[in-house]
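Coordinates as given in input_36.txt (compact mmCIF, C-alpha atoms):
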```
# COMPACT_ATOMS: atom_id res chain seq x y z
CA MET P 1 -42.13 26.60 -14.16
CA ASN P 2 -43.91 24.50 -16.82
CA ASN P 3 -43.22 20.77 -17.01
CA ALA P 4 -41.69 21.19 -20.49
CA GLN P 5 -37.90 21.47 -20.45
CA PRO P 6 -36.19 24.25 -22.46
CA ASP P 7 -34.57 23.25 -25.75
CA ILE P 8 -30.75 23.24 -25.73
CA LYS P 9 -30.82 25.46 -28.82
CA LEU P 10 -32.77 28.07 -26.86
CA LEU P 11 -30.24 27.92 -24.03
CA ARG P 12 -27.39 28.53 -26.46
CA ILE P 13 -29.22 31.52 -27.94
CA PHE P 14 -29.91 32.90 -24.46
CA VAL P 15 -26.26 32.57 -23.41
CA ALA P 16 -25.08 34.26 -26.61
CA VAL P 17 -27.50 37.17 -26.08
CA VAL P 18 -26.27 37.67 -22.51
CA ARG P 19 -22.62 37.55 -23.56
CA GLN P 20 -23.23 40.09 -26.33
CA GLN P 21 -25.48 42.17 -24.05
CA GLY P 22 -28.41 42.45 -26.41
CA PHE P 23 -30.34 41.06 -29.34
CA ALA P 24 -28.78 43.32 -31.99
CA ALA P 25 -25.25 42.66 -30.77
CA ALA P 26 -25.85 38.88 -30.88
CA GLN P 27 -26.99 38.85 -34.53
CA GLN P 28 -23.56 38.18 -36.02
CA THR P 29 -22.64 35.56 -33.42
CA LEU P 30 -25.87 33.63 -33.91
CA ASN P 31 -26.35 34.41 -37.61
CA LEU P 32 -29.96 35.29 -36.83
CA SER P 33 -32.07 38.41 -37.24
CA THR P 34 -33.18 40.37 -34.18
CA SER P 35 -36.79 39.33 -34.81
CA ALA P 36 -35.77 35.64 -34.86
CA ILE P 37 -33.75 36.06 -31.66
CA SER P 38 -36.70 37.82 -30.02
CA THR P 39 -39.00 34.95 -31.03
CA TYR P 40 -36.65 32.32 -29.61
CA MET P 41 -36.21 34.27 -26.37
CA SER P 42 -39.99 34.57 -26.00
CA GLN P 43 -40.29 30.80 -26.52
CA LEU P 44 -37.74 30.18 -23.78
CA GLU P 45 -39.45 32.54 -21.34
CA THR P 46 -42.83 30.92 -22.10
CA THR P 47 -41.37 27.49 -21.41
CA LEU P 48 -39.81 28.65 -18.16
CA GLY P 49 -42.76 30.70 -16.99
CA PHE P 50 -40.78 33.82 -16.01
CA SER P 51 -38.96 36.75 -17.62
CA LEU P 52 -35.24 36.45 -18.20
CA CYS P 53 -34.35 39.98 -19.18
CA HIS P 54 -35.44 43.56 -19.66
CA ARG P 55 -35.03 44.98 -23.15
CA GLY P 56 -35.99 48.32 -24.57
CA ARG P 57 -34.94 51.94 -24.33
CA GLY P 58 -33.27 51.31 -21.00
CA GLY P 59 -30.93 48.78 -22.58
CA PHE P 60 -30.50 45.07 -22.04
CA ARG P 61 -30.24 43.67 -18.53
CA LEU P 62 -31.05 40.39 -16.83
CA THR P 63 -33.73 39.99 -14.22
CA ALA P 64 -32.72 38.44 -10.89
CA LYS P 65 -34.12 35.09 -12.03
CA GLY P 66 -32.50 35.59 -15.43
CA GLU P 67 -29.08 35.97 -13.80
CA SER P 68 -29.53 32.76 -11.81
CA PHE P 69 -30.77 30.93 -14.90
CA TYR P 70 -27.80 32.24 -16.92
CA GLN P 71 -25.28 30.81 -14.46
CA GLU P 72 -27.08 27.45 -14.46
CA SER P 73 -27.21 27.50 -18.28
CA LEU P 74 -23.44 28.01 -18.43
CA ARG P 75 -22.93 25.04 -16.12
CA LEU P 76 -25.30 22.81 -18.07
CA LEU P 77 -23.87 23.67 -21.49
CA ALA P 78 -20.33 23.10 -20.22
CA GLU P 79 -21.30 19.68 -18.88
CA LEU P 80 -23.06 18.83 -22.15
CA GLU P 81 -20.01 19.80 -24.20
CA SER P 82 -17.81 17.77 -21.88
CA PHE P 83 -20.13 14.76 -22.35
CA GLU P 84 -20.02 15.15 -26.14
CA ARG P 85 -16.23 15.21 -26.03
CA TYR P 86 -16.16 12.14 -23.81
CA ALA P 87 -18.42 10.23 -26.20
CA ALA P 88 -16.20 11.20 -29.14
CA ALA P 89 -13.10 10.08 -27.22
CA LEU P 90 -14.67 6.66 -26.63
CA LYS P 91 -14.88 6.28 -30.41
CA GLY P 92 -11.15 6.98 -30.59
CA GLU P 93 -11.42 10.40 -32.15
CA LEU P 94 -11.55 13.97 -30.90
CA SER P 95 -14.21 16.36 -32.13
CA GLY P 96 -15.84 19.57 -31.04
CA THR P 97 -14.25 22.97 -30.48
CA LEU P 98 -11.11 23.83 -28.54
CA SER P 99 -11.25 27.46 -27.46
CA LEU P 100 -7.78 28.79 -26.67
CA GLY P 101 -6.88 32.26 -25.41
CA ILE P 102 -3.48 33.95 -25.33
CA ILE P 103 -2.14 37.37 -24.47
CA ASP P 104 -0.91 39.54 -27.32
CA SER P 105 2.57 39.65 -28.91
CA THR P 106 3.50 36.02 -28.27
CA VAL P 107 4.11 35.15 -31.93
CA SER P 108 7.76 36.25 -31.74
CA ASP P 109 8.49 34.38 -28.50
CA PRO P 110 10.83 31.40 -29.14
CA ALA P 111 9.92 29.93 -25.74
CA LEU P 112 6.31 29.44 -26.85
CA PRO P 113 6.20 27.50 -30.15
CA LEU P 114 2.44 27.91 -30.32
CA ALA P 115 2.20 27.94 -34.13
CA ALA P 116 4.01 24.60 -34.37
CA VAL P 117 1.97 23.11 -31.52
CA LEU P 118 -1.34 24.17 -33.05
CA GLY P 119 -0.24 22.89 -36.45
CA ALA P 120 0.57 19.49 -34.98
CA TYR P 121 -2.63 19.48 -32.90
CA SER P 122 -4.74 20.23 -35.97
CA ALA P 123 -2.98 17.56 -38.05
CA GLU P 124 -3.47 14.91 -35.35
CA ASN P 125 -7.07 15.90 -34.62
CA PRO P 126 -8.69 17.04 -37.88
CA GLY P 127 -12.17 16.75 -36.38
CA VAL P 128 -11.46 19.50 -33.82
CA HIS P 129 -12.40 23.09 -34.62
CA LEU P 130 -9.90 25.56 -33.15
CA ARG P 131 -10.97 28.96 -31.86
CA LEU P 132 -8.03 31.25 -30.97
CA SER P 133 -8.57 34.55 -29.16
CA VAL P 134 -6.20 37.29 -27.99
CA MET P 135 -7.21 38.93 -24.70
CA GLY P 136 -5.77 40.69 -21.68
CA PRO P 137 -4.77 38.68 -18.58
CA HIS P 138 -7.89 39.49 -16.57
CA GLU P 139 -10.20 38.73 -19.51
CA LEU P 140 -8.46 35.39 -20.08
CA GLN P 141 -9.01 34.30 -16.50
CA LEU P 142 -12.68 35.27 -16.53
CA ALA P 143 -13.22 33.53 -19.87
CA VAL P 144 -11.72 30.27 -18.56
CA LEU P 145 -13.67 30.54 -15.31
CA GLU P 146 -16.93 31.05 -17.27
CA ASN P 147 -16.10 28.23 -19.73
CA ARG P 148 -15.90 30.63 -22.68
CA LEU P 149 -12.32 29.41 -23.09
CA ASP P 150 -11.04 25.90 -22.49
CA VAL P 151 -7.38 26.87 -22.07
CA ALA P 152 -5.42 30.12 -21.77
CA ILE P 153 -1.74 31.04 -21.85
CA GLY P 154 -0.32 34.19 -20.34
CA ALA P 155 1.29 35.97 -17.40
CA PHE P 156 -1.26 36.58 -14.64
CA TYR P 157 -0.49 39.15 -11.95
CA THR P 158 -3.49 38.22 -9.80
CA ARG P 159 -5.01 34.77 -9.43
CA MET P 160 -8.61 33.63 -9.23
CA SER P 161 -10.01 30.70 -7.27
CA GLY P 162 -11.35 27.81 -9.29
CA LEU P 163 -8.50 27.92 -11.80
CA ILE P 164 -5.34 25.80 -12.20
CA TYR P 165 -2.10 27.63 -13.08
CA GLN P 166 0.55 25.32 -14.56
CA PRO P 167 4.01 26.96 -14.92
CA LEU P 168 5.47 27.05 -18.44
CA TYR P 169 8.43 29.44 -18.71
CA ARG P 170 9.57 32.98 -17.90
CA GLU P 171 9.46 35.87 -20.40
CA GLN P 172 12.20 38.51 -20.16
CA HIS P 173 11.13 42.17 -20.05
CA TRP P 174 13.39 45.24 -20.21
CA LEU P 175 12.65 48.92 -19.69
CA TYR P 176 13.11 50.78 -23.00
CA CYS P 177 13.37 54.29 -24.36
CA SER P 178 13.50 55.14 -28.08
CA ASP P 179 15.96 57.13 -30.16
CA ARG P 180 13.56 60.08 -29.89
CA HIS P 181 13.75 60.17 -26.08
CA PRO P 182 16.14 62.57 -24.27
CA LEU P 183 17.76 59.68 -22.35
CA PHE P 184 18.72 57.76 -25.48
CA GLY P 185 22.08 59.45 -25.96
CA GLU P 186 22.93 59.79 -22.26
CA ARG P 187 25.59 57.74 -20.46
CA ARG P 188 25.48 56.39 -16.89
CA ILE P 189 21.91 57.38 -16.17
CA PRO P 190 21.03 57.18 -12.45
CA ALA P 191 18.02 55.11 -11.45
CA ASP P 192 16.25 58.04 -9.78
CA LEU P 193 16.37 59.99 -13.05
CA ILE P 194 14.78 57.08 -14.90
CA THR P 195 11.93 56.81 -12.38
CA GLN P 196 11.15 60.50 -13.00
CA GLN P 197 10.45 59.90 -16.70
CA ARG P 198 6.97 59.65 -18.21
CA MET P 199 6.12 55.97 -17.90
CA VAL P 200 3.67 53.83 -19.87
CA GLY P 201 1.69 51.60 -17.52
CA ARG P 202 -0.48 48.60 -18.34
CA GLY P 203 -4.17 48.65 -17.66
CA TYR P 204 -4.04 45.33 -15.82
CA TRP P 205 -1.24 46.48 -13.49
CA SER P 206 -2.26 47.52 -10.00
CA GLN P 207 -0.64 50.48 -8.28
CA ALA P 208 1.34 47.99 -6.19
CA GLU P 209 2.64 46.28 -9.34
CA LEU P 210 3.72 49.64 -10.78
CA ALA P 211 5.49 50.52 -7.51
CA ARG P 212 7.25 47.14 -7.56
CA HIS P 213 8.96 48.25 -10.76
CA GLY P 214 10.07 51.52 -9.14
CA PHE P 215 7.44 53.96 -10.42
CA LYS P 216 4.90 55.97 -8.41
CA ASP P 217 2.53 56.57 -11.31
CA SER P 218 2.17 56.32 -15.06
CA ALA P 219 1.67 59.05 -17.64
CA ALA P 220 -0.12 56.76 -20.12
CA THR P 221 -1.97 53.44 -20.01
CA VAL P 222 -2.20 50.67 -22.60
CA GLU P 223 -3.89 47.28 -22.89
CA SER P 224 -1.54 45.66 -25.41
CA MET P 225 2.16 45.40 -26.20
CA GLU P 226 1.66 46.93 -29.64
CA ALA P 227 0.17 50.04 -28.07
CA GLN P 228 3.04 50.08 -25.58
CA LEU P 229 5.61 49.88 -28.37
CA ILE P 230 3.96 52.74 -30.28
CA LEU P 231 4.10 55.03 -27.26
CA VAL P 232 7.71 54.13 -26.46
CA LEU P 233 8.75 54.71 -30.08
CA SER P 234 7.08 58.14 -29.94
CA GLY P 235 9.87 59.32 -27.67
CA ALA P 236 7.44 60.84 -25.18
CA TYR P 237 7.51 57.84 -22.83
CA ILE P 238 9.58 54.97 -21.51
CA GLY P 239 8.05 51.55 -20.98
CA TYR P 240 8.49 47.81 -20.53
CA LEU P 241 8.47 45.44 -23.49
CA PRO P 242 9.21 41.71 -23.88
CA GLU P 243 12.75 41.25 -25.17
CA HIS P 244 11.69 39.05 -28.10
CA TYR P 245 9.06 41.59 -29.19
CA ALA P 246 11.35 44.62 -28.98
CA GLN P 247 14.42 42.95 -30.50
CA THR P 248 13.76 44.02 -34.11
CA TRP P 249 13.65 47.70 -33.15
CA ALA P 250 16.64 47.31 -30.81
CA ASP P 251 18.67 45.79 -33.65
CA GLN P 252 17.78 48.80 -35.80
CA GLY P 253 19.03 51.17 -33.12
CA ARG P 254 15.53 52.48 -32.42
CA LEU P 255 15.26 51.20 -28.84
CA LYS P 256 17.65 51.22 -25.91
CA VAL P 257 17.41 49.25 -22.65
CA LEU P 258 17.64 51.33 -19.47
CA LEU P 259 19.58 49.95 -16.48
CA PRO P 260 18.82 46.27 -17.10
CA ALA P 261 20.20 45.07 -13.76
CA THR P 262 17.82 47.42 -11.92
CA PHE P 263 14.68 47.48 -14.02
CA GLY P 264 14.65 44.18 -15.87
CA TYR P 265 12.23 41.48 -14.76
CA GLN P 266 10.84 38.13 -15.89
CA ALA P 267 7.13 37.44 -16.26
CA PRO P 268 6.10 33.87 -15.34
CA PHE P 269 3.92 32.36 -18.07
CA THR P 270 1.38 29.71 -17.13
CA LEU P 271 -1.12 27.39 -18.77
CA LEU P 272 -4.56 28.12 -17.37
CA THR P 273 -7.48 25.69 -17.10
CA ARG P 274 -10.62 25.60 -15.03
CA ARG P 275 -10.48 23.27 -12.04
CA GLY P 276 -12.12 19.96 -12.91
CA ARG P 277 -11.57 20.28 -16.67
CA SER P 278 -7.86 19.45 -17.04
CA ARG P 279 -8.56 15.79 -17.86
CA GLU P 280 -11.06 16.48 -20.63
CA PRO P 281 -9.73 14.90 -23.86
CA LEU P 282 -9.45 18.12 -25.92
CA VAL P 283 -7.77 20.00 -23.09
CA LYS P 284 -5.45 17.17 -22.04
CA THR P 285 -4.34 16.47 -25.61
CA PHE P 286 -3.45 20.13 -26.17
CA ARG P 287 -1.66 20.41 -22.83
CA ASP P 288 0.38 17.26 -23.44
CA LEU P 289 1.42 18.48 -26.88
CA LEU P 290 2.37 21.91 -25.52
CA MET P 291 4.56 20.34 -22.84
CA SER P 292 6.18 18.01 -25.43
CA PRO P 293 6.14 20.06 -28.65
CA PRO P 294 7.12 18.86 -32.15
CA ALA P 295 10.78 18.05 -32.85
CA GLY P 296 12.94 21.14 -33.03
CA GLU P 297 10.44 23.20 -31.02
CA THR P 298 11.49 22.91 -27.38
CA PRO P 299 10.17 25.56 -24.97
CA ALA P 300 13.04 27.19 -23.09
CA THR P 301 13.15 28.48 -19.54
CA PRO P 302 16.19 30.73 -19.81
CA VAL P 303 17.47 33.17 -17.26
CA ALA P 304 18.14 36.00 -19.67
CA SER P 305 21.19 38.16 -19.41
CA ALA P 306 21.41 41.83 -20.30
CA PRO P 307 21.42 42.38 -24.08
CA ALA P 308 24.40 43.83 -25.86
CA LEU P 309 22.78 47.28 -26.16
CA ALA P 310 21.45 47.29 -22.62
CA SER P 311 24.02 49.70 -21.21
CA ASN P 312 23.47 53.36 -20.33
CA SER P 313 25.75 54.43 -23.12
CA ALA P 314 24.41 55.48 -26.49
CA PRO P 315 24.22 52.62 -29.00
```
Can you turn what I pasted into structure tokens?
Amino acid sequence: MNNAQPDIKLLRIFVAVVRQQGFAAAQQTLNLSTSAISTYMSQLETTLGFSLCHRGRGGFRLTAKGESFYQESLRLLAELESFERYAAALKGELSGTLSLGIIDSTVSDPALPLAAVLGAYSAENPGVHLRLSVMGPHELQLAVLENRLDVAIGAFYTRMSGLIYQPLYREQHWLYCSDRHPLFGERRIPADLITQQRMVGRGYWSQAELARHGFKDSAATVESMEAQLILVLSGAYIGYLPEHYAQTWADQGRLKVLLPATFGYQAPFTLLTRRGRSREPLVKTFRDLLMSPPAGETPATPVASAPALASNSAP
């Protein structure tokens, strides 16, 4: 390797290219043309004295040295950002970017006053740029582990080493069918009949998780609650939905809860940070505000009871 050290700007471009898996895909993220990205990447490789990636008809892929350099670049850029935040905190102000990830369909959850918390956070820290992303549970964990996200909120069915899971509250889920489903008008439906229905599974559920809810397999798979709701409303499937998310359709008589005492469950929500980062000023300030939200916005940890329409009789 040459004595010259690579420019931080070049490292950021390299990391963006790897995350987007190619020069063309990284154009929008970097706001650069492919020719400019190619020039910068060539400069970085010249400085280093070795090739970082293969590009061409075979697609984009890192070399063995490129993979090692990518991991070290992630570590260095994370430490640099942490240092910048620390310097800003010494001046008595927060600046930089807070990258937050959440799972989908949380906006209707009264136990997570995220809109109020983010509003207060932004008002108290006007120098902080907020980046909010919606991802699946597995993606959220990987993003926090790789420092692409600073904080994440969700229900995580498997846990990864290197992460801290701080309990927040429990989200109530019921098993639903719609008014188009044959079971909707039935009374006293036995559990074994329900488990024979066409079930919508979640892509991040393992077979063991599906079996824990009483089902051997699923007839459809989704990655979001909105997709789950659409399939349940179709009448061709039954499926789990958060109570707060399904309530509007339940109130309209479109959804019915099936055997709540047997099939209902609560998903434990947690605040996720990477180990060693929980005391960083941006992260700590957000976490403290989330745990002590603005007046009138108190997160609840209720043990939900069966809803009024959760019987096996027709609504």
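Of the residues listed (P:Arg19, P:Arg279, P:Arg254, P:Arg274), P:Arg274 shows the shortest atom-to-atom separation from Ala152 (chain P); distances use only C-alpha atoms.
Among the candidates P:Leu271, P:Ala250, P:Leu145, P:Met135, the one nearest to Gly101 (chain P) when counting all atoms listed in the file is P:Met135.
Between Phe286 (chain P) and the candidates P:Val128, P:Val107, P:Leu76, P:Leu48, the tightest atom-to-atom separation, counting only C-alpha atoms, involves P:Val128.
The smallest atom-to-atom distance between Leu282 (chain P) and any of P:Phe69, P:Tyr169, P:Tyr121, P:Phe23, using only C-alpha atoms, is found for P:Tyr121.
Note that CA of Val117 (chain P) and CA of Leu289 (chain P) are 6.6 Å apart.
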Residue contacts of His54 (chain P) (12 Å, all atoms listed in the file) excluding same-chain residues fewer than 2 positions away, as a PyMOL selection string:
chain P and resi 18+21-23+38+41-42+45+50-52+56-67
Two-atom distance - CA of Leu114 (chain P), CA of Leu290 (chain P) (Å):
7.7 Å
Counting all atoms listed in the file, the option among P:Ser234, P:Thr158, P:Gln252, P:Thr29 closest to Glu139 (chain P)
P:Thr158
Spatial neighbours of region 211-228 of chain P, max dist 12 Å, all atoms listed in the file, sep filter under 3 positions, as number ranges by chain
P: 102-107, 134-139, 157, 173-178, 191-208, 231-246, 260, 262-266
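For the pair CA of Leu32 (chain P) and CA of Ile13 (chain P), the interatomic distance is 9.7 Å.
Between Gln172 (chain P) and the residues P:Gly154, P:Pro113, P:Gly119, P:Pro268, the shortest atom-to-atom distance, using only C-alpha atoms, involves P:Pro268.
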